[in-house]
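Chemist: So here's target_10.txt (compact mmCIF, C-alpha atoms).
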```
# COMPACT_ATOMS: atom_id res chain seq x y z
CA MET A 1 118.90 72.58 27.22
CA ASN A 2 116.33 74.43 29.27
CA ALA A 3 114.76 75.93 26.15
CA LYS A 4 114.42 72.48 24.63
CA TRP A 5 112.64 71.08 27.69
CA LYS A 6 110.36 74.10 27.72
CA MET A 7 109.53 73.39 24.09
CA ILE A 8 108.80 69.73 24.84
CA GLY A 9 106.56 70.82 27.68
CA SER A 10 104.55 73.23 25.58
CA LEU A 11 104.22 70.61 22.80
CA PHE A 12 102.61 68.35 25.40
CA THR A 13 100.13 70.96 26.63
CA THR A 14 99.30 72.13 23.09
CA PHE A 15 98.34 68.63 21.94
CA LEU A 16 96.67 67.84 25.27
CA LYS A 17 94.24 70.69 24.59
CA MET A 18 93.56 69.36 21.07
CA GLY A 19 92.62 65.85 22.25
CA PRO A 20 88.90 66.58 22.72
CA PHE A 21 88.67 67.95 19.17
CA THR A 22 89.33 64.49 17.73
CA PHE A 23 85.63 64.04 18.50
CA GLY A 24 84.78 64.99 14.95
CA GLY A 25 87.17 62.41 13.54
CA GLY A 26 90.72 62.85 12.29
CA TYR A 27 90.06 65.52 9.74
CA ALA A 28 88.33 67.74 12.31
CA LEU A 29 91.72 67.92 13.94
CA ILE A 30 93.64 69.22 10.92
CA PRO A 31 92.28 72.82 11.08
CA VAL A 32 92.84 72.82 14.84
CA ILE A 33 96.48 71.74 14.34
CA GLU A 34 96.91 74.43 11.66
CA ARG A 35 95.56 77.13 13.95
CA GLU A 36 97.61 76.12 16.98
CA ILE A 37 100.91 75.12 15.36
CA VAL A 38 101.04 77.49 12.40
CA GLU A 39 99.05 80.60 13.29
CA LYS A 40 99.27 80.85 17.05
CA ARG A 41 102.66 79.33 17.91
CA LYS A 42 104.34 79.77 14.51
CA TRP A 43 106.30 76.56 15.01
CA LEU A 44 105.84 75.36 11.43
CA GLN A 45 104.70 76.63 8.04
CA SER A 46 101.30 75.74 6.68
CA GLU A 47 102.88 73.63 3.88
CA ASP A 48 104.87 71.63 6.44
CA VAL A 49 101.69 70.68 8.26
CA ALA A 50 99.99 69.69 4.98
CA ASP A 51 103.01 67.49 4.11
CA ILE A 52 103.01 65.89 7.54
CA VAL A 53 99.29 65.11 7.39
CA ALA A 54 99.71 63.51 3.95
CA VAL A 55 102.63 61.39 5.17
CA SER A 56 100.72 60.35 8.30
CA GLY A 57 98.24 58.54 6.09
CA SER A 58 100.95 56.31 4.64
CA VAL A 59 102.29 55.16 8.00
CA PRO A 60 100.23 52.56 9.90
CA GLY A 61 98.09 53.99 12.67
CA ALA A 62 95.63 56.84 13.10
CA VAL A 63 96.26 60.00 11.08
CA ALA A 64 95.74 62.40 13.98
CA VAL A 65 98.11 60.50 16.28
CA ASN A 66 100.76 60.11 13.57
CA SER A 67 100.49 63.81 12.65
CA ALA A 68 101.03 64.82 16.29
CA THR A 69 104.05 62.52 16.58
CA LEU A 70 105.60 63.78 13.34
CA ILE A 71 105.03 67.44 14.24
CA GLY A 72 106.60 66.87 17.68
CA TYR A 73 109.54 65.10 16.05
CA ARG A 74 110.01 67.88 13.51
CA ILE A 75 109.99 70.59 16.19
CA ALA A 76 111.94 68.99 19.04
CA GLY A 77 113.27 65.55 18.01
CA ILE A 78 112.45 62.32 19.83
CA GLY A 79 111.45 64.07 23.07
CA GLY A 80 109.07 66.27 21.12
CA ALA A 81 107.55 63.29 19.34
CA LEU A 82 106.91 61.46 22.61
CA SER A 83 105.43 64.47 24.40
CA ALA A 84 103.13 65.40 21.50
CA LEU A 85 102.00 61.76 21.27
CA LEU A 86 101.26 61.57 25.00
CA GLY A 87 99.47 64.92 24.85
CA ILE A 88 97.10 63.89 22.08
CA PHE A 89 96.56 60.41 23.46
CA LEU A 90 96.01 60.89 27.21
CA PRO A 91 92.56 62.58 27.15
CA THR A 92 90.96 59.99 24.84
CA PHE A 93 92.66 57.18 26.76
CA ALA A 94 91.27 58.45 30.07
CA LEU A 95 87.79 58.84 28.60
CA MET A 96 87.83 55.30 27.16
CA ILE A 97 88.90 53.90 30.56
CA GLY A 98 86.01 55.78 32.15
CA LEU A 99 83.51 54.49 29.58
CA SER A 100 84.80 50.91 29.90
CA LEU A 101 84.34 51.18 33.67
CA VAL A 102 80.76 52.39 33.22
CA TYR A 103 80.08 49.62 30.68
CA VAL A 104 81.33 46.89 33.02
CA GLN A 105 79.18 48.28 35.87
CA MET A 106 76.02 48.66 33.83
CA LYS A 107 76.04 45.96 31.15
CA ASP A 108 73.81 43.61 33.17
CA ASN A 109 71.16 46.24 33.76
CA PRO A 110 68.09 45.18 31.68
CA LYS A 111 67.60 48.72 30.32
CA ILE A 112 71.22 48.91 29.16
CA GLU A 113 70.98 45.42 27.67
CA ALA A 114 67.95 46.57 25.67
CA ALA A 115 69.79 49.71 24.57
CA PHE A 116 72.75 47.68 23.31
CA LEU A 117 70.48 45.29 21.45
CA SER A 118 69.52 48.24 19.28
CA ILE A 119 73.02 49.77 19.26
CA ARG A 120 74.43 46.52 17.79
CA ALA A 121 72.38 47.16 14.66
CA THR A 122 73.59 50.79 14.64
CA VAL A 123 77.22 49.60 14.78
CA VAL A 124 76.63 47.71 11.53
CA ALA A 125 75.35 50.97 10.02
CA MET A 126 78.44 52.83 11.27
CA ILE A 127 80.69 50.25 9.61
CA VAL A 128 78.72 50.29 6.33
CA TYR A 129 78.98 54.09 6.37
CA ALA A 130 82.77 53.84 6.79
CA ALA A 131 82.95 51.35 3.89
CA PHE A 132 80.81 53.66 1.77
CA LYS A 133 83.11 56.63 2.39
CA ILE A 134 86.41 54.86 1.80
CA GLY A 135 84.88 53.03 -1.17
CA LYS A 136 84.29 56.34 -2.93
CA THR A 137 88.01 57.18 -2.93
CA ALA A 138 89.35 53.62 -3.15
CA VAL A 139 87.34 52.15 -6.00
CA VAL A 140 88.38 54.33 -8.91
CA ASP A 141 88.53 51.83 -11.77
CA PHE A 142 87.93 48.17 -12.67
CA ALA A 143 91.13 46.88 -11.06
CA SER A 144 90.52 48.56 -7.71
CA GLY A 145 86.88 47.40 -7.71
CA ALA A 146 88.03 43.85 -8.40
CA LEU A 147 90.59 44.08 -5.58
CA ALA A 148 87.88 45.12 -3.11
CA ALA A 149 85.71 42.17 -4.21
CA ILE A 150 88.66 39.75 -3.98
CA ALA A 151 89.45 41.00 -0.47
CA VAL A 152 85.87 40.34 0.69
CA CYS A 153 85.92 36.84 -0.86
CA LEU A 154 89.31 35.99 0.70
CA LEU A 155 88.04 37.06 4.12
CA LEU A 156 84.68 35.34 3.75
CA PHE A 157 85.80 32.00 2.34
CA GLY A 158 89.27 31.86 3.87
CA ARG A 159 88.13 32.61 7.38
CA ASN A 160 89.18 29.21 8.71
CA PHE A 161 92.72 29.21 7.40
CA LEU A 162 93.73 32.70 6.26
CA HIS A 163 94.63 35.33 8.85
CA PRO A 164 93.15 38.75 7.91
CA ALA A 165 96.59 40.37 8.27
CA TRP A 166 97.67 38.49 5.14
CA VAL A 167 94.81 40.05 3.19
CA ILE A 168 96.32 43.49 3.86
CA VAL A 169 99.75 42.30 2.73
CA PHE A 170 98.09 40.81 -0.36
CA GLY A 171 96.39 44.17 -1.07
CA ALA A 172 99.67 46.09 -1.03
CA LEU A 173 101.42 43.54 -3.26
CA ALA A 174 98.45 43.39 -5.64
CA GLY A 175 98.55 47.19 -5.96
CA ILE A 176 102.23 47.08 -6.90
CA ALA A 177 101.58 44.25 -9.39
CA VAL A 178 98.64 46.01 -11.06
CA VAL A 179 100.58 49.24 -11.53
CA LYS A 180 103.62 47.31 -12.85
CA VAL A 181 101.52 45.41 -15.39
CA ARG A 182 99.85 48.61 -16.52
CA VAL A 183 103.22 50.30 -16.98
CA LEU A 184 104.30 47.35 -19.15
CA LEU A 185 101.11 47.74 -21.19
CA GLY A 186 101.78 51.45 -21.51
CA LYS A 187 98.73 52.43 -19.50
CA LYS A 188 98.58 55.00 -16.77
CA THR A 189 97.14 54.60 -13.29
CA LYS A 190 95.70 57.42 -11.27
CA LEU A 191 97.57 56.93 -8.01
CA GLU A 192 96.50 59.92 -5.96
CA GLU A 193 93.19 60.08 -4.19
CA LYS A 194 91.18 63.10 -5.25
CA GLU A 195 90.58 64.23 -1.72
CA PRO A 196 91.98 62.33 1.18
CA VAL A 197 89.33 61.05 3.56
CA TYR A 198 90.66 61.35 7.06
CA ASP A 199 87.80 60.70 9.39
CA TYR A 200 87.43 56.97 8.96
CA MET A 201 91.13 56.70 9.64
CA ILE A 202 90.91 58.11 13.08
CA MET B 203 97.85 37.46 29.45
CA LEU B 204 99.57 40.84 29.20
CA ILE B 205 102.04 39.41 26.69
CA ASP B 206 99.16 38.07 24.56
CA LEU B 207 97.46 41.48 24.73
CA PHE B 208 100.68 43.17 23.69
CA LEU B 209 101.39 40.79 20.80
CA THR B 210 97.82 40.97 19.50
CA PHE B 211 97.61 44.73 19.38
CA PHE B 212 101.20 45.18 18.23
CA MET B 213 100.29 43.11 15.18
CA VAL B 214 97.13 45.15 14.63
CA GLY B 215 99.16 48.37 14.95
CA LEU B 216 101.66 47.11 12.41
CA VAL B 217 99.09 46.65 9.62
CA SER B 218 96.69 49.37 10.74
CA PHE B 219 96.02 51.11 7.43
CA GLY B 220 92.67 52.69 6.74
CA GLY B 221 91.50 53.09 10.29
CA GLY B 222 89.62 51.37 13.02
CA TYR B 223 86.76 49.69 11.21
CA ALA B 224 89.16 48.01 8.76
CA MET B 225 90.92 46.42 11.73
CA ILE B 226 87.76 44.68 12.98
CA PRO B 227 88.33 41.42 11.03
CA LEU B 228 91.80 41.20 12.59
CA ILE B 229 90.61 42.05 16.07
CA GLN B 230 87.73 39.58 15.74
CA GLU B 231 90.11 36.81 14.61
CA GLU B 232 92.48 37.39 17.53
CA VAL B 233 90.09 38.37 20.33
CA LEU B 234 87.15 36.04 19.57
CA THR B 235 88.48 33.07 17.60
CA ARG B 236 92.04 32.67 18.82
CA HIS B 237 92.07 33.87 22.43
CA GLN B 238 88.32 33.75 23.18
CA TRP B 239 88.60 36.74 25.48
CA MET B 240 84.92 37.67 25.11
CA ASP B 241 81.82 36.94 23.05
CA ALA B 242 80.72 38.60 19.83
CA ALA B 243 78.08 40.75 21.53
CA GLN B 244 80.61 42.22 23.96
CA LEU B 245 83.04 43.03 21.15
CA SER B 246 80.24 44.71 19.21
CA ASP B 247 79.36 46.82 22.28
CA MET B 248 83.00 47.87 22.64
CA VAL B 249 83.15 48.93 19.00
CA ALA B 250 80.01 51.03 19.60
CA VAL B 251 81.59 52.75 22.61
CA ALA B 252 84.88 53.20 20.70
CA GLY B 253 83.06 54.72 17.72
CA MET B 254 81.15 57.28 19.74
CA SER B 255 84.15 58.47 21.77
CA PRO B 256 86.76 60.94 20.57
CA GLY B 257 90.05 59.46 19.47
CA PRO B 258 91.11 56.79 17.00
CA ILE B 259 88.62 53.89 16.88
CA ALA B 260 91.26 51.14 16.70
CA THR B 261 93.13 52.49 19.74
CA ASN B 262 89.85 52.97 21.58
CA ILE B 263 88.99 49.31 20.92
CA ALA B 264 92.45 48.35 22.21
CA VAL B 265 91.80 50.29 25.43
CA ALA B 266 88.37 48.64 25.89
CA VAL B 267 89.60 45.10 25.19
CA GLY B 268 92.71 45.61 27.36
CA TYR B 269 90.58 46.98 30.19
CA HIS B 270 88.13 44.10 29.92
CA GLN B 271 90.95 41.57 30.12
CA ALA B 272 93.29 43.02 32.73
CA GLY B 273 92.01 46.34 34.05
CA THR B 274 93.87 49.63 33.65
CA ILE B 275 97.25 47.94 33.19
CA GLY B 276 95.75 45.85 30.38
CA ALA B 277 94.41 49.00 28.73
CA ILE B 278 97.84 50.65 28.93
CA VAL B 279 99.62 47.59 27.51
CA ALA B 280 97.12 47.11 24.64
CA SER B 281 97.11 50.77 23.55
CA LEU B 282 100.89 51.16 23.82
CA ALA B 283 101.33 48.02 21.71
CA MET B 284 98.94 49.49 19.16
CA ILE B 285 100.84 52.82 18.91
CA LEU B 286 104.35 51.35 19.07
CA PRO B 287 104.82 50.25 15.43
CA SER B 288 104.03 53.66 13.94
CA LEU B 289 105.97 55.46 16.69
CA VAL B 290 109.09 53.36 16.08
CA LEU B 291 108.74 53.88 12.33
CA ILE B 292 108.48 57.65 12.75
CA LEU B 293 111.35 57.87 15.25
CA ALA B 294 113.65 55.55 13.33
CA ALA B 295 112.98 57.00 9.91
CA GLY B 296 111.37 60.38 10.60
CA LYS B 297 113.33 62.29 7.98
CA LEU B 298 113.23 59.49 5.43
CA ILE B 299 109.46 59.12 5.75
CA MET B 300 108.91 62.72 4.70
CA ARG B 301 110.42 61.86 1.32
CA TYR B 302 109.30 58.28 0.77
CA ARG B 303 105.65 59.07 0.14
CA ASP B 304 106.57 60.21 -3.35
CA ASN B 305 108.12 56.83 -3.99
CA GLN B 306 106.38 55.01 -6.85
CA LEU B 307 106.34 51.69 -5.01
CA VAL B 308 104.69 53.21 -1.93
CA LYS B 309 102.11 54.93 -4.10
CA SER B 310 101.22 51.80 -6.03
CA SER B 311 100.98 49.72 -2.86
CA PHE B 312 98.43 52.24 -1.60
CA PHE B 313 96.54 51.89 -4.85
CA GLY B 314 96.01 48.26 -3.80
CA LEU B 315 95.66 48.93 -0.06
CA ARG B 316 92.74 51.34 -0.35
CA PRO B 317 90.27 48.92 -2.03
CA THR B 318 91.53 46.08 0.19
CA VAL B 319 90.74 48.19 3.24
CA ALA B 320 87.27 48.88 1.80
CA GLY B 321 86.85 45.10 1.45
CA MET B 322 87.95 44.57 5.06
CA ILE B 323 85.34 47.08 6.23
CA ILE B 324 82.59 45.40 4.16
CA TYR B 325 83.55 42.06 5.71
CA ALA B 326 83.49 43.68 9.17
CA ALA B 327 79.91 44.81 8.45
CA ILE B 328 78.94 41.24 7.45
CA LEU B 329 80.50 39.85 10.65
CA PHE B 330 78.72 42.34 12.87
CA ALA B 331 75.42 41.94 11.05
CA GLN B 332 75.63 38.23 11.91
CA ASN B 333 76.57 39.11 15.48
CA ALA B 334 73.64 41.50 15.79
CA GLY B 335 71.23 38.71 14.84
CA ILE B 336 70.44 40.12 11.41
CA THR B 337 70.05 36.70 9.82
CA MET B 338 67.98 35.06 7.16
CA GLU B 339 65.33 34.03 9.67
CA PHE B 340 62.67 36.64 9.21
CA ASP B 341 61.17 36.90 12.62
CA TRP B 342 60.11 40.01 14.49
CA LYS B 343 63.56 40.62 15.98
CA THR B 344 65.28 40.53 12.60
CA TRP B 345 62.84 43.03 11.15
CA SER B 346 63.28 45.42 14.05
CA GLN B 347 67.08 45.14 13.81
CA LEU B 348 66.91 45.79 10.06
CA ALA B 349 64.76 48.88 10.66
CA ILE B 350 67.21 50.22 13.26
CA PHE B 351 70.11 49.51 10.88
CA ALA B 352 68.40 51.34 8.00
CA GLY B 353 67.43 54.28 10.21
CA SER B 354 70.97 54.61 11.57
CA LEU B 355 72.48 54.45 8.09
CA PHE B 356 70.08 57.12 6.85
CA ALA B 357 70.99 59.39 9.79
CA LEU B 358 74.73 58.95 9.11
CA ILE B 359 74.74 59.32 5.32
CA TYR B 360 71.90 61.72 4.55
CA LEU B 361 71.40 63.66 7.77
CA HIS B 362 75.18 63.80 8.44
CA LYS B 363 74.67 63.03 12.10
CA HIS B 364 77.68 62.27 14.26
CA PRO B 365 77.99 58.62 15.42
CA PHE B 366 77.72 59.88 19.01
CA SER B 367 74.17 61.15 18.60
CA VAL B 368 73.13 58.19 16.40
CA VAL B 369 74.33 55.65 19.01
CA LEU B 370 72.65 57.62 21.80
CA LEU B 371 69.34 57.79 19.96
CA SER B 372 69.56 54.13 18.98
CA GLY B 373 70.08 53.23 22.66
CA LEU B 374 66.90 55.09 23.59
CA VAL B 375 65.02 53.31 20.79
CA GLY B 376 66.35 50.02 22.14
CA ILE B 377 65.09 50.77 25.65
CA ALA B 378 61.68 51.69 24.20
CA VAL B 379 61.42 48.64 21.91
CA TYR B 380 63.21 45.84 23.78
CA GLY B 381 63.18 47.21 27.35
```
As structure tokens, how would this structure be written, given the file I've shared?
Modeler:
Amino acid sequence: MNAKWKMIGSLFTTFLKMGPFTFGGGYALIPVIEREIVEKRKWLQSEDVADIVAVSGSVPGAVAVNSATLIGYRIAGIGGALSALLGIFLPTFALMIGLSLVYVQMKDNPKIEAAFLSIRATVVAMIVYAAFKIGKTAVVDFASGALAAIAVCLLLFGRNFLHPAWVIVFGALAGIAVVKVRVLLGKKTKLEEKEPVYDYMI
Amino acid sequence: MLIDLFLTFFMVGLVSFGGGYAMIPLIQEEVLTRHQWMDAAQLSDMVAVAGMSPGPIATNIAVAVGYHQAGTIGAIVASLAMILPSLVLILAAGKLIMRYRDNQLVKSSFFGLRPTVAGMIIYAAILFAQNAGITMEFDWKTWSQLAIFAGSLFALIYLHKHPFSVVLLSGLVGIAVYG
């Protein structure tokens, strides 16, 4: 029992130290996880971590957070999952609280207002950049390109009556339908992404 | 209030595929249109802060919106709600999940999800471009916003600069131009 609690404790501290590395986005964290979990602590094999990272992308939520939770679960069950999750989450949570506090204090300062006037245009660039990166792996053929266009149209023209959550459900169902139809036609679909893009997922 | 925060971000957490920026249309619908917790400019500022901080963007937005609405307790409720769906899924089906990714149905649903998520992000860009005042009226402000947008995009794509430094630099430009 004691050994298990010790393990849960060191899972917490290990992921707590990794928190700041999520700065570079989710995929910046993968090598850090490898080094800590596989090389230094020898808790898991390198292939296990690769599997876990791949699975984390197919569960809702951020890849880095899901990876931490799954690794904790694999090593020490539910307690391990919770402590790894808390460890990876607490530093970024605390920082965001701090930044929100600063924002509330300073947002009416004319200099800060001017800064954010410019930053609002930069945010659009950040979002376009994210779309550009995921677009490269997502739009692989005519059907996937059409799905992206349909999604934009549904959101744009259905904004008064269609909740955006339904568009995601529609996307998943459309994917299943397209692959089914292609199987019936005897065509193949390339289902795997060439290289997973992690950083926009963080 | 706390219950609304919880429900909103629990729903976002449930369908949170493809990361923070893809969740903006959802967050906008709930936070601006439905609950009217803040205005478009404030939400845009929060996304900027969330994007330049470490950590997942969607959860960072949840923390910022929760904090804005109900202080630290609001931030805790919103971010826990956001994490809960994936946590429950992993805890309830941890072993199963490790095998199900090879499932054909899961794979083909992701074939559809990936372009849909790209579409959601494009729509988020359109929304925020409207919010930022990049409109069809070609006055001085629009031109300056377009120039800042183009410069930021160039820095991100071709100079491979981290959002943190791009946002910081853009803020300084803003103080110089609009201050």
Chemist: Using all atoms listed in the file, pick whichever of B:His364, B:Lys309, B:Lys343, B:Arg301 has the shortest atom-to-atom distance to Val179 of chain A.
Modeler: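 Using all atoms listed in the file, Val179 of chain A sits closest to B:Lys309.
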Chemist: Please determine the contact residues of chain A with respect to chain B at a cut-off of 7 Å, counting all atoms listed in the file, and supply them as a ChimeraX atom specification.
Modeler: /A:20,22-23,55,59-62,70,78,92,96-97,100,110-111,114-129,131,134-135,138-139,144-145,147-149,151-152,155,164-165,168,171-176,179,191,200-202
Chemist: Atom CA of Thr210 of chain B to atom CA of Arg159 of chain A: how many Å, to one decimal?
Modeler: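 Going from atom CA of Thr210 of chain B over to atom CA of Arg159 of chain A covers 17.6 Å.
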Chemist: Take the point (112.4, 65.4, 16.6) in the file's coordinates, draw a sphere of radius 12 Å around it, and report as a list in words every protein, DNA or RNA residue with an atom inside or on it, counting all atoms listed in the file.
Modeler: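 Collected hits near the coordinates: Lys4, Met7, Ile8, Leu11, Ala68, Thr69, Leu70, Ile71, Gly72, Tyr73, Arg74, Ile75, Ala76, Gly77, Ile78, Gly79, Gly80, Ala81, Leu82, Ser83, Ala84 and Leu85 of chain A; Leu289, Ile292, Leu293, Ala294, Ala295, Gly296 and Lys297 of chain B.
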Chemist: What separation in Å, quoted to one decimal, exists between atom CA of Glu47 of chain A and atom CA of Thr137 of chain A?
Modeler: 23.2 Å
Chemist: Enter the distance from atom CA of Leu361 of chain B to atom CA of Gly57 of chain A, in Å, rounded to one decimal.
Modeler: 27.4 Å
Chemist: Return the single residue from A:Ala50, A:Leu86, A:Gln45, A:Lys40 that is closest to Gly9 of chain A, with distances computed using all atoms listed in the file.
Modeler: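 Among A:Ala50, A:Leu86, A:Gln45, A:Lys40, it is A:Leu86 that comes nearest to Gly9 of chain A.
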Chemist: What are the centre and the three edge lengths of an axis-aligned box that wraps all atoms of segment 73-82 of chain A in the file, given that 5 Å is added to every side, written as lines of an AutoDock Vina configuration file and rounded to one decimal in Å?
Modeler:
```
center_x = 110.1
center_y = 66.0
center_z = 18.3
size_x = 16.4
size_y = 19.1
size_z = 19.6
```
Chemist: Some atoms are missing, so please complete segment 141-153 of chain A with N, CA and C atoms and return it as a PDB file, in the coordinates of the input.
Modeler:
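Final output, part.pdb:
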```
ATOM      1  N   ASP A 141      88.574  52.447 -10.440  1.00  0.00           N
ATOM      2  CA  ASP A 141      88.530  51.830 -11.770  1.00  0.00           C
ATOM      3  C   ASP A 141      88.216  50.343 -11.619  1.00  0.00           C
ATOM      4  N   PHE A 142      88.288  49.593 -12.723  1.00  0.00           N
ATOM      5  CA  PHE A 142      87.930  48.170 -12.670  1.00  0.00           C
ATOM      6  C   PHE A 142      88.851  47.406 -11.731  1.00  0.00           C
ATOM      7  N   ALA A 143      90.164  47.655 -11.848  1.00  0.00           N
ATOM      8  CA  ALA A 143      91.130  46.880 -11.060  1.00  0.00           C
ATOM      9  C   ALA A 143      90.904  47.084  -9.565  1.00  0.00           C
ATOM     10  N   SER A 144      90.684  48.330  -9.144  1.00  0.00           N
ATOM     11  CA  SER A 144      90.520  48.560  -7.710  1.00  0.00           C
ATOM     12  C   SER A 144      89.186  47.988  -7.222  1.00  0.00           C
ATOM     13  N   GLY A 145      88.158  48.028  -8.078  1.00  0.00           N
ATOM     14  CA  GLY A 145      86.880  47.400  -7.710  1.00  0.00           C
ATOM     15  C   GLY A 145      87.041  45.904  -7.545  1.00  0.00           C
ATOM     16  N   ALA A 146      87.800  45.287  -8.480  1.00  0.00           N
ATOM     17  CA  ALA A 146      88.030  43.850  -8.400  1.00  0.00           C
ATOM     18  C   ALA A 146      88.818  43.501  -7.136  1.00  0.00           C
ATOM     19  N   LEU A 147      89.800  44.341  -6.788  1.00  0.00           N
ATOM     20  CA  LEU A 147      90.590  44.080  -5.580  1.00  0.00           C
ATOM     21  C   LEU A 147      89.724  44.098  -4.334  1.00  0.00           C
ATOM     22  N   ALA A 148      88.786  45.057  -4.274  1.00  0.00           N
ATOM     23  CA  ALA A 148      87.880  45.120  -3.110  1.00  0.00           C
ATOM     24  C   ALA A 148      87.047  43.849  -3.028  1.00  0.00           C
ATOM     25  N   ALA A 149      86.537  43.387  -4.187  1.00  0.00           N
ATOM     26  CA  ALA A 149      85.710  42.170  -4.210  1.00  0.00           C
ATOM     27  C   ALA A 149      86.536  40.952  -3.813  1.00  0.00           C
ATOM     28  N   ILE A 150      87.791  40.881  -4.329  1.00  0.00           N
ATOM     29  CA  ILE A 150      88.660  39.750  -3.980  1.00  0.00           C
ATOM     30  C   ILE A 150      88.938  39.728  -2.479  1.00  0.00           C
ATOM     31  N   ALA A 151      89.170  40.922  -1.913  1.00  0.00           N
ATOM     32  CA  ALA A 151      89.450  41.000  -0.470  1.00  0.00           C
ATOM     33  C   ALA A 151      88.277  40.449   0.330  1.00  0.00           C
ATOM     34  N   VAL A 152      87.051  40.841  -0.033  1.00  0.00           N
ATOM     35  CA  VAL A 152      85.870  40.340   0.690  1.00  0.00           C
ATOM     36  C   VAL A 152      85.781  38.817   0.566  1.00  0.00           C
ATOM     37  N   CYS A 153      85.997  38.288  -0.650  1.00  0.00           N
ATOM     38  CA  CYS A 153      85.920  36.840  -0.860  1.00  0.00           C
ATOM     39  C   CYS A 153      86.982  36.099  -0.055  1.00  0.00           C
TER      40      CYS A 153
END
```
